[in-house]
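Asker: Before anything else, here's the structure in question.
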Amino acid sequence: MNLAPPPSRSIGGPLIDGLSLYDNLLIEQTLGEAGVRPALLDEFLAWMSLAGCPVDLDAWRHRSVAEATPLEVMQARVGRAWLGDPQSLSVEPSAWDDAVWPFDRLDQAFRQRHPWRTLSRAVLPTVS
């Protein structure tokens with residue numbers, strides 16, 4: 001019996017300049033067969049609030065990527081990965097700036113809300 005590994009998503013990657021933050025957040029779900037899953041979106045909003053960085057979705061509907069703050073860009077990347085409903089999330093080191101949003105705050109809130117899932121920083125291989 002072969003068991004598939006649990007779904008895993010990487011947090012990072014560019015946002016699409018011609019879209020609003022809201023559209024960037026939902027792009028993958030919008031293109032999928034199942035459509036937007038409101039429960040996952042609500043859970044994302046609750047997680048962001050617990051992490052001390054609430055999201056204003058109404059403002060995101062009209063805010064372009066060019067107008068977004070660095071924090072909003074990071075939140076949109078986290079949300080896009082989260083909405084794939086993974087069991088494991090990994091943050092790409094190049095996609096995270098602790099000066100903008102300390103990873104520990106995100107991680108602590110994640111562990112409180114989702115103790116059965118994992119969130120980690122990806123470790124880059126060392127060059128010898």
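Note on naming: chains are A, B, ... as they come in the structure tokens, residues start from 1 per chain, ligands start from 1 in the order shown.
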Can you tell me, as a PyMOL selection string, which residues in region 11-125 of chain A count as alpha helix (DSSP H) by DSSP?
Answerer: chain A and resi 21-31+38-50+57-60+70-82+103-113
Asker: Please, which residues in region 73-112 of chain A fall within 12 Å of region 14-21 of chain A when counting only C-alpha atoms, and what is the closest atom pair and distance in Å to one decimal for each, ordered by chain then residue number, as a Markdown table?
Answerer:
```
| residue | atom | partner | partner_atom | distance |
| --- | --- | --- | --- | --- |
| A:Val73 | CA | A:Leu15 | CA | 7.7 |
| A:Met74 | CA | A:Leu15 | CA | 9.8 |
| A:Gln75 | CA | A:Leu21 | CA | 9.5 |
| A:Ala76 | CA | A:Leu21 | CA | 6.6 |
| A:Arg77 | CA | A:Leu15 | CA | 7.5 |
| A:Val78 | CA | A:Leu15 | CA | 11.3 |
| A:Gly79 | CA | A:Leu21 | CA | 10.4 |
| A:Arg80 | CA | A:Leu15 | CA | 9.6 |
| A:Ala81 | CA | A:Leu15 | CA | 11.9 |
| A:Glu92 | CA | A:Pro14 | CA | 11.8 |
| A:Ser94 | CA | A:Pro14 | CA | 11.1 |
| A:Ala95 | CA | A:Pro14 | CA | 8.9 |
```
Asker: Next, dump the selected residues to file, keeping only all heavy atoms, as an mmCIF file, in the first residue's frame.
Answerer:
```cif
data_model
loop_
_atom_site.group_PDB
_atom_site.id
_atom_site.type_symbol
_atom_site.label_atom_id
_atom_site.label_comp_id
_atom_site.auth_asym_id
_atom_site.auth_seq_id
_atom_site.Cartn_x
_atom_site.Cartn_y
_atom_site.Cartn_z
ATOM 1 N N VAL A 73 2.788 42.157 1.194
ATOM 2 C CA VAL A 73 3.314 41.196 0.210
ATOM 3 C C VAL A 73 3.611 39.869 0.904
ATOM 4 O O VAL A 73 3.247 38.800 0.396
ATOM 5 C CB VAL A 73 4.562 41.761 -0.501
ATOM 6 C CG1 VAL A 73 5.259 40.676 -1.321
ATOM 7 C CG2 VAL A 73 4.187 42.946 -1.386
ATOM 8 N N MET A 74 4.245 39.932 2.065
ATOM 9 C CA MET A 74 4.543 38.701 2.795
ATOM 10 C C MET A 74 3.251 37.992 3.212
ATOM 11 O O MET A 74 3.142 36.770 3.089
ATOM 12 C CB MET A 74 5.420 39.012 4.009
ATOM 13 C CG MET A 74 6.831 39.434 3.612
ATOM 14 S SD MET A 74 7.825 40.066 4.980
ATOM 15 C CE MET A 74 8.152 38.570 5.893
ATOM 16 N N GLN A 75 2.271 38.747 3.682
ATOM 17 C CA GLN A 75 0.989 38.149 4.077
ATOM 18 C C GLN A 75 0.313 37.481 2.877
ATOM 19 O O GLN A 75 -0.248 36.393 3.012
ATOM 20 C CB GLN A 75 0.061 39.211 4.651
ATOM 21 C CG GLN A 75 0.453 39.685 6.021
ATOM 22 C CD GLN A 75 -0.424 40.836 6.472
ATOM 23 O OE1 GLN A 75 -0.514 41.856 5.793
ATOM 24 N NE2 GLN A 75 -1.067 40.658 7.606
ATOM 25 N N ALA A 76 0.335 38.129 1.727
ATOM 26 C CA ALA A 76 -0.292 37.558 0.531
ATOM 27 C C ALA A 76 0.397 36.258 0.136
ATOM 28 O O ALA A 76 -0.266 35.284 -0.248
ATOM 29 C CB ALA A 76 -0.268 38.561 -0.612
ATOM 30 N N ARG A 77 1.708 36.212 0.253
ATOM 31 C CA ARG A 77 2.438 34.972 -0.060
ATOM 32 C C ARG A 77 2.075 33.858 0.917
ATOM 33 O O ARG A 77 1.878 32.707 0.524
ATOM 34 C CB ARG A 77 3.943 35.226 -0.016
ATOM 35 C CG ARG A 77 4.457 36.046 -1.171
ATOM 36 C CD ARG A 77 5.921 36.335 -0.994
ATOM 37 N NE ARG A 77 6.456 37.017 -2.150
ATOM 38 C CZ ARG A 77 7.552 37.735 -2.120
ATOM 39 N NH1 ARG A 77 8.243 37.867 -0.979
ATOM 40 N NH2 ARG A 77 7.985 38.322 -3.213
ATOM 41 N N VAL A 78 1.990 34.197 2.197
ATOM 42 C CA VAL A 78 1.600 33.210 3.210
ATOM 43 C C VAL A 78 0.185 32.712 2.917
ATOM 44 O O VAL A 78 -0.076 31.509 2.917
ATOM 45 C CB VAL A 78 1.679 33.813 4.633
ATOM 46 C CG1 VAL A 78 1.001 32.900 5.652
ATOM 47 C CG2 VAL A 78 3.117 34.076 5.030
ATOM 48 N N GLY A 79 -0.721 33.639 2.661
ATOM 49 C CA GLY A 79 -2.109 33.269 2.398
ATOM 50 C C GLY A 79 -2.271 32.411 1.167
ATOM 51 O O GLY A 79 -3.026 31.439 1.166
ATOM 52 N N ARG A 80 -1.557 32.751 0.105
ATOM 53 C CA ARG A 80 -1.634 31.968 -1.138
ATOM 54 C C ARG A 80 -1.208 30.528 -0.872
ATOM 55 O O ARG A 80 -1.852 29.586 -1.328
ATOM 56 C CB ARG A 80 -0.767 32.626 -2.202
ATOM 57 C CG ARG A 80 -0.865 31.975 -3.558
ATOM 58 C CD ARG A 80 -0.081 32.736 -4.590
ATOM 59 N NE ARG A 80 1.315 32.834 -4.179
ATOM 60 C CZ ARG A 80 2.183 33.659 -4.743
ATOM 61 N NH1 ARG A 80 1.806 34.475 -5.701
ATOM 62 N NH2 ARG A 80 3.439 33.678 -4.343
ATOM 63 N N ALA A 81 -0.129 30.350 -0.108
ATOM 64 C CA ALA A 81 0.324 28.991 0.227
ATOM 65 C C ALA A 81 -0.692 28.291 1.139
ATOM 66 O O ALA A 81 -1.022 27.121 0.944
ATOM 67 C CB ALA A 81 1.692 29.041 0.897
ATOM 68 N N GLU A 92 10.522 30.038 2.264
ATOM 69 C CA GLU A 92 11.779 30.211 1.553
ATOM 70 C C GLU A 92 12.552 31.357 2.203
ATOM 71 O O GLU A 92 11.991 32.432 2.398
ATOM 72 C CB GLU A 92 11.508 30.539 0.076
ATOM 73 C CG GLU A 92 10.853 29.419 -0.692
ATOM 74 C CD GLU A 92 11.730 28.188 -0.786
ATOM 75 O OE1 GLU A 92 12.967 28.322 -0.862
ATOM 76 O OE2 GLU A 92 11.176 27.082 -0.764
ATOM 77 N N SER A 94 14.685 33.457 1.129
ATOM 78 C CA SER A 94 14.751 34.687 0.336
ATOM 79 C C SER A 94 13.411 35.432 0.316
ATOM 80 O O SER A 94 13.359 36.595 -0.075
ATOM 81 C CB SER A 94 15.182 34.375 -1.095
ATOM 82 O OG SER A 94 14.234 33.532 -1.721
ATOM 83 N N ALA A 95 12.347 34.787 0.741
ATOM 84 C CA ALA A 95 11.015 35.391 0.710
ATOM 85 C C ALA A 95 10.600 35.962 2.067
ATOM 86 O O ALA A 95 9.490 36.453 2.201
ATOM 87 C CB ALA A 95 9.984 34.357 0.259
#
```
Asker: Leaving out Gln112 (chain A) and any residue of its chain fewer than 3 positions from it, which residues lie within 10 Å of it when counting only C-alpha atoms, given as an NGL selection string?
Answerer: :A and (47 or 50-51 or 107-109 or 115-116)
Asker: Go ahead and dump the residues you just picked, N, CA and C atoms, as an mmCIF file, in the first residue's frame.
Answerer:
```cif
data_model
loop_
_atom_site.group_PDB
_atom_site.id
_atom_site.type_symbol
_atom_site.label_atom_id
_atom_site.label_comp_id
_atom_site.auth_asym_id
_atom_site.auth_seq_id
_atom_site.Cartn_x
_atom_site.Cartn_y
_atom_site.Cartn_z
ATOM 1 N N TRP A 47 -5.664 33.560 11.647
ATOM 2 C CA TRP A 47 -4.242 33.314 11.902
ATOM 3 C C TRP A 47 -3.452 34.620 11.831
ATOM 4 N N LEU A 50 -4.127 36.702 14.936
ATOM 5 C CA LEU A 50 -3.423 36.144 16.082
ATOM 6 C C LEU A 50 -1.924 36.451 16.008
ATOM 7 N N ALA A 51 -1.389 36.531 14.803
ATOM 8 C CA ALA A 51 0.033 36.846 14.616
ATOM 9 C C ALA A 51 0.311 38.342 14.762
ATOM 10 N N ASP A 107 5.064 31.964 13.384
ATOM 11 C CA ASP A 107 5.199 30.575 13.813
ATOM 12 C C ASP A 107 4.415 30.301 15.096
ATOM 13 N N GLN A 108 4.514 31.198 16.062
ATOM 14 C CA GLN A 108 3.804 31.012 17.332
ATOM 15 C C GLN A 108 2.284 30.976 17.113
ATOM 16 N N ALA A 109 1.776 31.898 16.306
ATOM 17 C CA ALA A 109 0.337 31.919 16.019
ATOM 18 C C ALA A 109 -0.082 30.659 15.266
ATOM 19 N N PRO A 115 -1.785 22.973 15.711
ATOM 20 C CA PRO A 115 -0.706 22.159 16.289
ATOM 21 C C PRO A 115 -0.452 20.844 15.546
ATOM 22 N N TRP A 116 -1.350 20.395 14.722
ATOM 23 C CA TRP A 116 -1.206 19.146 13.983
ATOM 24 C C TRP A 116 -0.513 19.368 12.629
#
```
Asker: Mind listing the strand (DSSP E) residues of chain A, per DSSP on the backbone, as a count of residues only?
Answerer: 12
Asker: Glu28 (chain A): which residues within 9 Å, counting only C-alpha atoms, same-chain residues fewer than 5 positions away excluded, as a CSV table (one decimal) with C-alpha atoms, in the first residue's frame?
Answerer:
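Output file result-v4.csv follows:
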```csv
chain,number,residue,atom,x,y,z
A,35,GLY,CA,-13.3,27.4,-6.3
A,36,VAL,CA,-12.7,29.5,-3.2
A,80,ARG,CA,-1.6,32.0,-1.1
A,83,LEU,CA,-5.2,28.4,0.8
A,84,GLY,CA,-3.7,25.3,-0.8
```
Asker: Mind checking which residues fall within 9 Å of Arg117 (chain A), counting only C-alpha atoms, ignoring those fewer than 5 positions away in the same chain, and posting them as a PDB file with C-alpha atoms, in the first residue's frame?
Answerer:
```pdb
ATOM      1  CA  PRO A  86      -1.276  21.986   3.164  1.00  0.00           C
ATOM      2  CA  GLN A  87      -0.264  19.903   6.152  1.00  0.00           C
ATOM      3  CA  SER A  88       3.180  21.443   6.001  1.00  0.00           C
ATOM      4  CA  LEU A  89       4.314  24.964   5.097  1.00  0.00           C
ATOM      5  CA  PHE A 110       0.465  28.995  13.576  1.00  0.00           C
ATOM      6  CA  ARG A 111       1.334  26.507  16.327  1.00  0.00           C
TER       7      ARG A 111
END
```
Asker: May I ask for the distance between CA of Met48 (chain A) and CA of Ser64 (chain A), given in Å to one decimal place?
Answerer: 19.8 Å
Asker: With only C-alpha atoms as the basis for distance, which of A:Leu106, A:Leu26, A:Leu71, A:Val100 is at the shortest distance from Ser49 (chain A)?
Answerer: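 Of A:Leu106, A:Leu26, A:Leu71, A:Val100, the one nearest Ser49 (chain A) is A:Leu106, counting only C-alpha atoms.
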Asker: Can you work out the spacing between CA of Ala99 (chain A) and CA of Leu57 (chain A) in Å, to one decimal?
Answerer: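 It comes out at 23.5 Å.
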Asker: With only C-alpha atoms as the basis for distance, which of A:Ala66, A:Val91, A:Arg113, A:Trp101 is at the shortest distance from Gly52 (chain A)?
Answerer: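 The answer is A:Trp101, which sits nearest to Gly52 (chain A).
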